[in-house]
>>> print(open('protein09.cif').read())   # mmCIF, C-alpha atoms
data_protein
#
loop_
_atom_site.group_PDB
_atom_site.id
_atom_site.type_symbol
_atom_site.label_atom_id
_atom_site.label_comp_id
_atom_site.auth_asym_id
_atom_site.auth_seq_id
_atom_site.Cartn_x
_atom_site.Cartn_y
_atom_site.Cartn_z
ATOM 1 C CA MET A 212 155.171 10.482 32.304
ATOM 2 C CA ALA A 213 151.815 8.817 31.646
ATOM 3 C CA THR A 214 151.575 5.405 30.017
ATOM 4 C CA ALA A 215 148.860 4.754 27.425
ATOM 5 C CA SER A 216 146.520 3.300 30.056
ATOM 6 C CA GLU A 217 147.135 6.329 32.259
ATOM 7 C CA ILE A 218 146.215 8.845 29.551
ATOM 8 C CA ALA A 219 142.831 9.895 30.915
ATOM 9 C CA ALA A 220 142.686 13.603 30.075
ATOM 10 C CA VAL A 221 143.487 14.789 26.557
ATOM 11 C CA GLY A 222 143.812 18.390 25.462
ATOM 12 C CA VAL A 223 143.149 19.132 21.783
ATOM 13 C CA ILE A 224 144.121 22.554 20.456
ATOM 14 C CA GLY A 225 142.270 23.733 17.378
ATOM 15 C CA ALA A 226 138.561 23.113 16.773
ATOM 16 C CA GLY A 227 138.732 22.798 13.006
ATOM 17 C CA GLN A 228 138.043 19.611 11.077
ATOM 18 C CA MET A 229 141.215 17.887 12.289
ATOM 19 C CA GLY A 230 140.952 19.001 15.910
ATOM 20 C CA SER A 231 137.269 18.159 16.225
ATOM 21 C CA GLY A 232 137.877 14.728 14.693
ATOM 22 C CA ILE A 233 140.733 14.017 17.120
ATOM 23 C CA ALA A 234 138.552 15.176 20.027
ATOM 24 C CA GLN A 235 135.786 12.805 18.904
ATOM 25 C CA LEU A 236 138.191 9.859 18.800
ATOM 26 C CA ALA A 237 139.606 10.578 22.251
ATOM 27 C CA ALA A 238 136.154 11.027 23.797
ATOM 28 C CA ALA A 239 134.869 7.802 22.227
ATOM 29 C CA ALA A 240 137.928 6.033 23.685
ATOM 30 C CA GLY A 241 136.857 7.086 27.184
ATOM 31 C CA CYS A 242 139.072 10.127 27.724
ATOM 32 C CA ALA A 243 138.034 13.428 29.233
ATOM 33 C CA VAL A 244 138.640 15.890 26.392
ATOM 34 C CA LEU A 245 139.468 19.569 26.669
ATOM 35 C CA LEU A 246 138.885 21.145 23.255
ATOM 36 C CA LEU A 247 140.621 24.508 23.011
ATOM 37 C CA ASP A 248 140.008 27.257 20.478
ATOM 38 C CA ALA A 249 140.043 31.024 20.836
ATOM 39 C CA ASP A 250 136.998 31.277 18.552
ATOM 40 C CA PRO A 251 133.704 30.456 20.354
ATOM 41 C CA ALA A 252 131.958 29.955 16.999
ATOM 42 C CA ALA A 253 134.529 27.332 16.003
ATOM 43 C CA LEU A 254 133.966 25.488 19.274
ATOM 44 C CA SER A 255 130.193 25.540 18.831
ATOM 45 C CA LEU A 256 130.507 24.247 15.283
ATOM 46 C CA ALA A 257 132.944 21.528 16.423
ATOM 47 C CA VAL A 258 130.648 20.279 19.184
ATOM 48 C CA ALA A 259 127.688 20.207 16.791
ATOM 49 C CA SER A 260 129.768 18.306 14.219
ATOM 50 C CA ILE A 261 131.068 15.803 16.782
ATOM 51 C CA SER A 262 127.589 15.227 18.218
ATOM 52 C CA ALA A 263 126.110 14.664 14.758
ATOM 53 C CA SER A 264 128.926 12.290 13.808
ATOM 54 C CA LEU A 265 128.585 10.204 16.981
ATOM 55 C CA ARG A 266 124.796 10.041 16.638
ATOM 56 C CA ARG A 267 125.155 8.845 13.053
ATOM 57 C CA LEU A 268 127.374 6.032 14.335
ATOM 58 C CA ALA A 269 124.755 5.193 16.957
ATOM 59 C CA ALA A 270 121.982 5.204 14.323
ATOM 60 C CA LYS A 271 124.012 2.725 12.275
ATOM 61 C CA GLY A 272 124.487 0.455 15.288
ATOM 62 C CA GLN A 273 128.256 1.048 15.376
ATOM 63 C CA LEU A 274 128.001 2.692 18.796
ATOM 64 C CA SER A 275 125.445 2.288 21.552
ATOM 65 C CA GLN A 276 123.203 5.243 22.324
ATOM 66 C CA ALA A 277 124.586 5.369 25.858
ATOM 67 C CA ALA A 278 128.193 5.364 24.623
ATOM 68 C CA CYS A 279 127.321 8.095 22.143
ATOM 69 C CA GLU A 280 125.848 10.397 24.788
ATOM 70 C CA ASP A 281 128.658 9.626 27.255
ATOM 71 C CA SER A 282 131.242 10.531 24.616
ATOM 72 C CA ILE A 283 129.575 13.859 23.936
ATOM 73 C CA LYS A 284 129.495 14.634 27.669
ATOM 74 C CA ARG A 285 133.213 13.927 27.984
ATOM 75 C CA ILE A 286 134.079 16.889 25.745
ATOM 76 C CA ARG A 287 134.542 20.251 27.451
ATOM 77 C CA CYS A 288 135.234 23.389 25.450
ATOM 78 C CA VAL A 289 137.862 25.758 26.824
ATOM 79 C CA SER A 290 139.323 29.053 25.638
ATOM 80 C CA THR A 291 142.747 29.377 27.300
ATOM 81 C CA VAL A 292 145.890 27.262 27.369
ATOM 82 C CA GLN A 293 145.802 27.447 31.175
ATOM 83 C CA ASP A 294 142.761 25.147 31.072
ATOM 84 C CA LEU A 295 145.045 22.333 29.833
ATOM 85 C CA ARG A 296 147.251 22.293 32.936
ATOM 86 C CA ASP A 297 146.002 18.862 34.077
ATOM 87 C CA ALA A 298 146.027 17.113 30.688
ATOM 88 C CA ASP A 299 148.062 13.916 30.370
ATOM 89 C CA LEU A 300 148.434 14.375 26.617
ATOM 90 C CA VAL A 301 148.051 17.536 24.554
ATOM 91 C CA ILE A 302 147.639 17.307 20.763
ATOM 92 C CA GLU A 303 147.866 20.512 18.776
ATOM 93 C CA ALA A 304 146.061 20.770 15.436
ATOM 94 C CA ILE A 305 146.562 24.433 14.634
ATOM 95 C CA VAL A 306 147.795 26.219 11.503
ATOM 96 C CA GLU A 307 150.718 24.539 9.716
ATOM 97 C CA LYS A 308 153.254 27.282 10.468
ATOM 98 C CA GLU A 309 156.391 26.469 12.414
ATOM 99 C CA ASP A 310 156.724 29.804 14.215
ATOM 100 C CA VAL A 311 153.119 29.657 15.436
ATOM 101 C CA LYS A 312 153.496 26.062 16.624
ATOM 102 C CA LYS A 313 156.784 26.837 18.393
ATOM 103 C CA LYS A 314 155.196 29.722 20.257
ATOM 104 C CA LEU A 315 152.396 27.402 21.368
ATOM 105 C CA PHE A 316 154.843 24.722 22.543
ATOM 106 C CA VAL A 317 156.729 27.289 24.630
ATOM 107 C CA GLU A 318 153.450 28.187 26.329
ATOM 108 C CA LEU A 319 152.374 24.565 26.802
ATOM 109 C CA ASP A 320 155.731 23.707 28.319
ATOM 110 C CA LYS A 321 155.220 26.359 30.987
ATOM 111 C CA ILE A 322 151.620 25.477 31.803
ATOM 112 C CA THR A 323 151.138 21.707 31.520
ATOM 113 C CA LYS A 324 152.232 19.326 34.251
ATOM 114 C CA SER A 325 155.766 17.991 34.026
ATOM 115 C CA SER A 326 154.596 14.473 33.111
ATOM 116 C CA ALA A 327 152.423 15.608 30.178
ATOM 117 C CA ILE A 328 153.213 14.460 26.647
ATOM 118 C CA LEU A 329 153.086 17.211 24.009
ATOM 119 C CA ALA A 330 152.113 16.047 20.515
ATOM 120 C CA SER A 331 151.817 17.819 17.187
ATOM 121 C CA ASN A 332 149.476 16.858 14.375
ATOM 122 C CA THR A 333 151.852 18.498 11.901
ATOM 123 C CA SER A 334 152.034 16.853 8.505
ATOM 124 C CA SER A 335 155.565 17.999 7.691
ATOM 125 C CA ILE A 336 157.236 20.293 10.264
ATOM 126 C CA SER A 337 160.261 19.020 12.200
ATOM 127 C CA ILE A 338 159.332 17.535 15.565
ATOM 128 C CA THR A 339 162.912 18.041 16.728
ATOM 129 C CA ARG A 340 162.665 21.792 16.117
ATOM 130 C CA LEU A 341 159.276 22.011 17.878
ATOM 131 C CA ALA A 342 160.687 20.032 20.804
ATOM 132 C CA SER A 343 163.664 22.374 21.048
ATOM 133 C CA ALA A 344 161.275 25.146 22.103
ATOM 134 C CA THR A 345 160.514 23.194 25.305
ATOM 135 C CA ARG A 346 162.378 21.984 28.372
ATOM 136 C CA ARG A 347 161.019 18.462 27.804
ATOM 137 C CA PRO A 348 162.151 17.402 24.306
ATOM 138 C CA SER A 349 161.976 13.730 25.337
ATOM 139 C CA GLN A 350 158.196 14.154 25.804
ATOM 140 C CA VAL A 351 157.471 15.787 22.439
ATOM 141 C CA ILE A 352 156.277 13.641 19.533
ATOM 142 C CA GLY A 353 154.404 13.854 16.241
ATOM 143 C CA MET A 354 150.925 12.329 15.911
ATOM 144 C CA HIS A 355 149.886 12.883 12.305
ATOM 145 C CA PHE A 356 146.193 12.033 11.906
ATOM 146 C CA PHE A 357 144.598 11.918 8.465
ATOM 147 C CA ASN A 358 141.468 13.713 7.343
ATOM 148 C CA PRO A 359 138.820 12.992 8.510
ATOM 149 C CA PRO A 360 140.329 11.487 11.697
ATOM 150 C CA PRO A 361 137.301 9.388 12.773
ATOM 151 C CA ILE A 362 137.278 7.591 9.399
ATOM 152 C CA MET A 363 140.905 7.346 8.299
ATOM 153 C CA LYS A 364 142.583 4.319 9.829
ATOM 154 C CA LEU A 365 146.154 5.602 10.040
ATOM 155 C CA ILE A 366 148.224 7.587 12.515
ATOM 156 C CA GLU A 367 151.777 8.428 11.489
ATOM 157 C CA ILE A 368 153.964 8.788 14.581
ATOM 158 C CA ILE A 369 157.126 10.861 14.274
ATOM 159 C CA ARG A 370 159.966 10.632 16.751
ATOM 160 C CA GLY A 371 162.058 13.736 17.306
ATOM 161 C CA ALA A 372 165.791 13.410 17.934
ATOM 162 C CA ASP A 373 165.182 13.224 21.690
ATOM 163 C CA THR A 374 161.769 11.518 21.897
ATOM 164 C CA SER A 375 162.075 8.808 24.544
ATOM 165 C CA ASP A 376 161.220 5.149 24.026
ATOM 166 C CA GLU A 377 158.674 5.442 26.842
ATOM 167 C CA VAL A 378 156.842 8.342 25.178
ATOM 168 C CA PHE A 379 156.876 6.581 21.807
ATOM 169 C CA ALA A 380 155.458 3.393 23.386
ATOM 170 C CA ALA A 381 152.765 5.329 25.253
ATOM 171 C CA VAL A 382 151.648 7.268 22.163
ATOM 172 C CA LYS A 383 151.721 4.171 19.951
ATOM 173 C CA SER A 384 149.543 2.265 22.453
ATOM 174 C CA PHE A 385 147.213 5.232 22.807
ATOM 175 C CA SER A 386 146.854 5.468 19.022
ATOM 176 C CA GLU A 387 145.930 1.783 18.912
ATOM 177 C CA ARG A 388 143.439 2.425 21.724
ATOM 178 C CA LEU A 389 141.798 4.897 19.333
ATOM 179 C CA GLY A 390 141.388 2.022 16.876
ATOM 180 C CA LYS A 391 144.122 3.160 14.500
ATOM 181 C CA SER A 392 146.951 1.427 12.694
ATOM 182 C CA VAL A 393 150.319 3.017 13.365
ATOM 183 C CA ILE A 394 153.381 3.660 11.237
ATOM 184 C CA CYS A 395 156.531 5.304 12.564
ATOM 185 C CA SER A 396 158.682 7.844 10.743
ATOM 186 C CA GLN A 397 161.982 9.366 11.656
ATOM 187 C CA ASP A 398 162.046 13.156 11.688
ATOM 188 C CA TYR A 399 162.667 13.989 8.018
ATOM 189 C CA PRO A 400 160.738 16.590 5.996
ATOM 190 C CA GLY A 401 157.301 15.306 4.999
ATOM 191 C CA PHE A 402 157.739 12.115 7.027
ATOM 192 C CA ILE A 403 156.488 9.048 5.100
ATOM 193 C CA VAL A 404 153.090 9.750 3.573
ATOM 194 C CA ASN A 405 153.556 13.356 2.464
ATOM 195 C CA ARG A 406 157.109 12.711 1.257
ATOM 196 C CA ILE A 407 155.526 10.380 -1.325
ATOM 197 C CA LEU A 408 152.074 11.933 -1.786
ATOM 198 C CA MET A 409 152.855 15.626 -2.236
ATOM 199 C CA PRO A 410 155.213 15.227 -5.211
ATOM 200 C CA MET A 411 152.455 13.243 -6.947
ATOM 201 C CA ILE A 412 149.902 15.987 -6.250
ATOM 202 C CA ASN A 413 152.399 18.614 -7.394
ATOM 203 C CA GLU A 414 153.053 16.682 -10.615
ATOM 204 C CA ALA A 415 149.292 16.523 -11.241
ATOM 205 C CA PHE A 416 149.189 20.328 -10.971
ATOM 206 C CA TRP A 417 152.090 20.570 -13.423
ATOM 207 C CA ALA A 418 150.200 18.302 -15.843
ATOM 208 C CA LEU A 419 147.159 20.581 -15.584
ATOM 209 C CA TYR A 420 149.268 23.762 -15.774
ATOM 210 C CA THR A 421 151.112 22.712 -18.917
ATOM 211 C CA GLY A 422 148.005 21.458 -20.692
ATOM 212 C CA VAL A 423 148.795 17.736 -20.660
ATOM 213 C CA ALA A 424 145.149 16.937 -19.907
ATOM 214 C CA THR A 425 142.000 18.227 -18.238
ATOM 215 C CA LYS A 426 141.604 17.944 -14.484
ATOM 216 C CA GLU A 427 138.920 15.300 -15.006
ATOM 217 C CA ASP A 428 141.154 13.142 -17.202
ATOM 218 C CA ILE A 429 144.135 13.492 -14.854
ATOM 219 C CA ASP A 430 142.043 12.309 -11.914
ATOM 220 C CA THR A 431 140.251 9.585 -13.872
ATOM 221 C CA GLY A 432 143.574 8.291 -15.146
ATOM 222 C CA MET A 433 144.947 7.904 -11.628
ATOM 223 C CA LYS A 434 141.714 6.439 -10.246
ATOM 224 C CA LEU A 435 141.216 3.805 -12.938
ATOM 225 C CA GLY A 436 144.829 3.317 -13.938
ATOM 226 C CA THR A 437 146.333 2.957 -10.464
ATOM 227 C CA ASN A 438 143.257 1.988 -8.428
ATOM 228 C CA HIS A 439 143.342 5.106 -6.253
ATOM 229 C CA PRO A 440 139.977 5.918 -4.619
ATOM 230 C CA MET A 441 140.206 9.521 -5.830
ATOM 231 C CA GLY A 442 142.472 11.411 -8.181
ATOM 232 C CA PRO A 443 145.349 13.608 -6.951
ATOM 233 C CA LEU A 444 143.660 16.908 -7.801
ATOM 234 C CA GLN A 445 140.442 15.998 -6.016
ATOM 235 C CA LEU A 446 142.486 14.689 -3.088
ATOM 236 C CA ALA A 447 144.366 18.005 -2.948
ATOM 237 C CA ASP A 448 141.015 19.794 -2.698
ATOM 238 C CA PHE A 449 140.024 17.558 0.219
ATOM 239 C CA ILE A 450 143.359 18.056 1.999
ATOM 240 C CA GLY A 451 143.329 21.814 1.370
ATOM 241 C CA LEU A 452 145.449 23.450 -1.303
ATOM 242 C CA ASP A 453 147.041 25.716 1.315
ATOM 243 C CA VAL A 454 148.134 22.652 3.287
ATOM 244 C CA CYS A 455 149.560 21.032 0.141
ATOM 245 C CA LEU A 456 151.492 24.202 -0.656
ATOM 246 C CA SER A 457 152.814 24.459 2.894
ATOM 247 C CA VAL A 458 154.044 20.847 2.867
ATOM 248 C CA LEU A 459 155.712 21.264 -0.531
ATOM 249 C CA ARG A 460 157.532 24.351 0.716
ATOM 250 C CA VAL A 461 158.772 22.393 3.751
ATOM 251 C CA LEU A 462 159.964 19.593 1.458
ATOM 252 C CA HIS A 463 161.627 22.046 -0.914
ATOM 253 C CA SER A 464 163.476 23.969 1.796
ATOM 254 C CA GLY A 465 164.260 20.928 3.938
ATOM 255 C CA LEU A 466 165.544 18.634 1.192
ATOM 256 C CA GLY A 467 166.922 21.256 -1.200
ATOM 257 C CA ASP A 468 165.681 19.508 -4.327
ATOM 258 C CA ASN A 469 163.839 21.468 -7.013
ATOM 259 C CA LYS A 470 161.597 18.497 -7.738
ATOM 260 C CA TYR A 471 159.625 19.654 -4.675
ATOM 261 C CA SER A 472 159.225 23.222 -5.957
ATOM 262 C CA PRO A 473 155.469 24.011 -5.917
ATOM 263 C CA CYS A 474 153.754 24.309 -9.284
ATOM 264 C CA PRO A 475 152.884 27.976 -10.046
ATOM 265 C CA LEU A 476 149.247 26.994 -10.593
ATOM 266 C CA LEU A 477 148.980 25.628 -7.060
ATOM 267 C CA VAL A 478 150.503 28.855 -5.715
ATOM 268 C CA GLN A 479 148.085 30.912 -7.823
ATOM 269 C CA TYR A 480 145.047 28.992 -6.580
ATOM 270 C CA VAL A 481 146.078 29.503 -2.954
ATOM 271 C CA ASP A 482 146.735 33.209 -3.567
ATOM 272 C CA ALA A 483 143.233 33.464 -5.039
ATOM 273 C CA GLY A 484 141.676 31.857 -1.958
ATOM 274 C CA ARG A 485 140.793 28.682 -3.829
ATOM 275 C CA LEU A 486 141.754 26.388 -0.969
ATOM 276 C CA GLY A 487 139.616 23.375 -1.851
ATOM 277 C CA LYS A 488 136.495 21.789 -0.452
ATOM 278 C CA LYS A 489 136.600 23.711 2.834
ATOM 279 C CA ARG A 490 136.224 26.977 0.882
ATOM 280 C CA GLY A 491 133.773 25.637 -1.667
ATOM 281 C CA VAL A 492 136.196 25.946 -4.555
ATOM 282 C CA GLY A 493 139.663 24.681 -5.402
ATOM 283 C CA VAL A 494 140.581 22.713 -8.496
ATOM 284 C CA TYR A 495 136.891 21.792 -8.544
ATOM 285 C CA SER A 496 133.839 23.775 -7.470
ATOM 286 C CA TYR A 497 131.797 22.516 -4.505
ATOM 287 C CA GLY A 498 128.596 24.504 -4.765
ATOM 288 C CA GLN A 499 130.152 27.963 -4.758
ATOM 289 C CA LYS A 500 130.922 30.207 -7.685
ATOM 290 C CA SER A 501 134.424 29.595 -8.998
ATOM 291 C CA SER A 502 136.930 32.427 -9.246
ATOM 292 C CA SER A 503 138.485 33.335 -12.566
ATOM 293 C CA VAL A 504 141.778 31.498 -12.073
ATOM 294 C CA ARG A 505 142.433 29.212 -15.017
ATOM 295 C CA PRO A 506 145.399 26.995 -15.855
ATOM 296 C CA LYS A 507 147.906 28.961 -17.934
ATOM 297 C CA SER A 508 151.101 27.462 -19.193
ATOM 298 C CA SER A 509 154.375 29.294 -18.830
ATOM 299 C CA MET A 510 155.812 27.202 -21.658
#
>>> encode(input="protein09.cif", output="structure tokens")
Amino acid sequence: MATASEIAAVGVIGAGQMGSGIAQLAAAAGCAVLLLDADPAALSLAVASISASLRRLAAKGQLSQAACEDSIKRIRCVSTVQDLRDADLVIEAIVEKEDVKKKLFVELDKITKSSAILASNTSSISITRLASATRRPSQVIGMHFFNPPPIMKLIEIIRGADTSDEVFAAVKSFSERLGKSVICSQDYPGFIVNRILMPMINEAFWALYTGVATKEDIDTGMKLGTNHPMGPLQLADFIGLDVCLSVLRVLHSGLGDNKYSPCPLLVQYVDAGRLGKKRGVGVYSYGQKSSSVRPKSSM
């Protein structure tokens, strides 16, 4: 099993905003990065986004031009899991669905070298259950990055029931090598951040749904009244309303408390395809025409 200093090749699965951000961090830290996605268009978009981001850092003097270009060259796009066979660490950042992630971990377990660490960027799904799909549960761990990964300073590390001390130490050191602060959670639904954050976001949706206040006043109240940089409804749009709904459902089923039951308005927005900033419309509109979904109270 590789130590943090021995993690030289990193596989990242999923070329969306999270995966591309993680790939950028690993490349800038000197790792050879294998960025995997089945969609060639997603890979092209990811490489363009990473290159633009690194060049902006270079233009601001936060990264040398040589380091910028070297980082870009360290990223190789691949299209099959077999291409990750020599990775020291694999981080998946795919859809937040347990069955899909488990299927991927089964495949990774068969293909990657026996010393490889398998990490999930899940924001709520049990690491223990993902690890149980492999023959190496001691080498499976959660690495929850925050969006966007190059900017957000935190990585939440989650230990499964069988995650070894050596793997935890290696991943913690690697996270610090990426320039991040680290917190550690035991394997409970929602971990630390989402266990606290998602009920607040859900309550903001309930306040909007029941007509307590407008979305603008709810967000302004939390920004100016509690010194949050953005309000909970705007934050939900940035996270993705589908992701918020998925996490709340994990909390609700895993903890069995109705306080985690998703607000019907959140469910309605997701059903309508109003997923937030990434789709151009969520609670707020981001340059695209809003759908007709409006808050309606059931009371």
>>> closest_atom_pairs(input="protein09.cif", of="region 439-476 of chain A", to="region 224-244 of chain A", cutoff="12 Å", atoms="only C-alpha atoms", output="Markdown table")
| residue | atom | partner | partner_atom | distance |
| --- | --- | --- | --- | --- |
| A:Phe449 | CA | A:Gln228 | CA | 11.2 |
| A:Ile450 | CA | A:Met229 | CA | 10.5 |
| A:Gly451 | CA | A:Gln228 | CA | 11.3 |
>>> residues_around(input="protein09.cif", residues="Ser472 (chain A)", least_positions_apart="2", cutoff="6 Å", atoms="all atoms listed in the file", output="list in words")
His463, Asn469 and Lys470 of chain A
>>> residues_near_point(input="protein09.cif", point="(163.2, 9.0, 12.9)", cutoff="10 Å", atoms="all atoms listed in the file", output="ChimeraX atom specification")
/A:338-339,368-374,395-399,402
>>> write_last_selection(input="protein09.cif", atoms="C-alpha atoms", output="mmCIF file, in the coordinates of the input")
data_model
loop_
_atom_site.group_PDB
_atom_site.id
_atom_site.type_symbol
_atom_site.label_atom_id
_atom_site.label_comp_id
_atom_site.auth_asym_id
_atom_site.auth_seq_id
_atom_site.Cartn_x
_atom_site.Cartn_y
_atom_site.Cartn_z
ATOM 1 C CA ILE A 338 159.332 17.535 15.565
ATOM 2 C CA THR A 339 162.912 18.041 16.728
ATOM 3 C CA ILE A 368 153.964 8.788 14.581
ATOM 4 C CA ILE A 369 157.126 10.861 14.274
ATOM 5 C CA ARG A 370 159.966 10.632 16.751
ATOM 6 C CA GLY A 371 162.058 13.736 17.306
ATOM 7 C CA ALA A 372 165.791 13.410 17.934
ATOM 8 C CA ASP A 373 165.182 13.224 21.690
ATOM 9 C CA THR A 374 161.769 11.518 21.897
ATOM 10 C CA CYS A 395 156.531 5.304 12.564
ATOM 11 C CA SER A 396 158.682 7.844 10.743
ATOM 12 C CA GLN A 397 161.982 9.366 11.656
ATOM 13 C CA ASP A 398 162.046 13.156 11.688
ATOM 14 C CA TYR A 399 162.667 13.989 8.018
ATOM 15 C CA PHE A 402 157.739 12.115 7.027
#
>>> atom_distance(input="protein09.cif", atom1="CA of Pro348 (chain A)", atom2="CA of Ala330 (chain A)")
10.8 Å
>>> closest_residue(input="protein09.cif", among="A:Asp468, A:Glu217, A:Glu427, A:Asp482", to="Val494 (chain A)", atoms="all atoms listed in the file")
A:Glu427
>>> closest_atom_pairs(input="protein09.cif", of="region 322-423 of chain A", to="region 253-271 of chain A", cutoff="12 Å", atoms="only C-alpha atoms", output="JSON lines")
{"residue": "A:Pro359", "atom": "CA", "partner": "A:Ser264", "partner_atom": "CA", "distance": 11.2}
{"residue": "A:Pro360", "atom": "CA", "partner": "A:Ile261", "partner_atom": "CA", "distance": 11.4}
{"residue": "A:Pro361", "atom": "CA", "partner": "A:Ser264", "partner_atom": "CA", "distance": 8.9}
{"residue": "A:Ile362", "atom": "CA", "partner": "A:Ser264", "partner_atom": "CA", "distance": 10.5}
>>> closest_residue(input="protein09.cif", among="A:Leu456, A:Val351, A:Val306, A:Ala277", to="Ser325 (chain A)", atoms="only C-alpha atoms")
A:Val351
>>> resolve_selection(input="protein09.cif", expression="the PyMOL selection byres ((chain A and resi 385) around 12)", output="MDAnalysis selection string")
chainID A and resid 213:221 236:237 240:242 299:300 328 354 366 368 378:384 386:393
>>> atom_distance(input="protein09.cif", atom1="CA of Leu459 (chain A)", atom2="CA of Asn405 (chain A)")
8.7 Å
>>> atom_distance(input="protein09.cif", atom1="CA of Tyr480 (chain A)", atom2="CA of Leu452 (chain A)")
7.7 Å
>>> residues_near_point(input="protein09.cif", point="(151.7, 22.2, 1.5)", cutoff="10 Å", atoms="only C-alpha atoms", output="number ranges by chain")
A: 307, 334-335, 401, 405, 409, 413, 447, 450-462, 473, 477-478
>>> resolve_selection(input="protein09.cif", expression="the PyMOL selection byres ((chain A and resi 290) around 10)", output="ChimeraX atom specification")
/A:224,245-251,254,288-289,291-295
>>> resolve_selection(input="protein09.cif", expression="the PyMOL selection byres ((chain A and resi 416) around 8)", output="list in words")
Ile412, Asn413, Glu414, Ala415, Trp417, Ala418, Leu419, Tyr420, Leu444, Cys474, Leu476 and Leu477 of chain A
>>> residues_around(input="protein09.cif", residues="Ser326 (chain A)", least_positions_apart="3", cutoff="10 Å", atoms="only C-alpha atoms", output="VMD selection string")
chain A and resid 212 to 213 297 to 300 323 329 347 350
>>> closest_residue(input="protein09.cif", among="A:Lys308, A:Arg346, A:Lys434, A:Arg285", to="Asn332 (chain A)", atoms="only C-alpha atoms")
A:Lys308
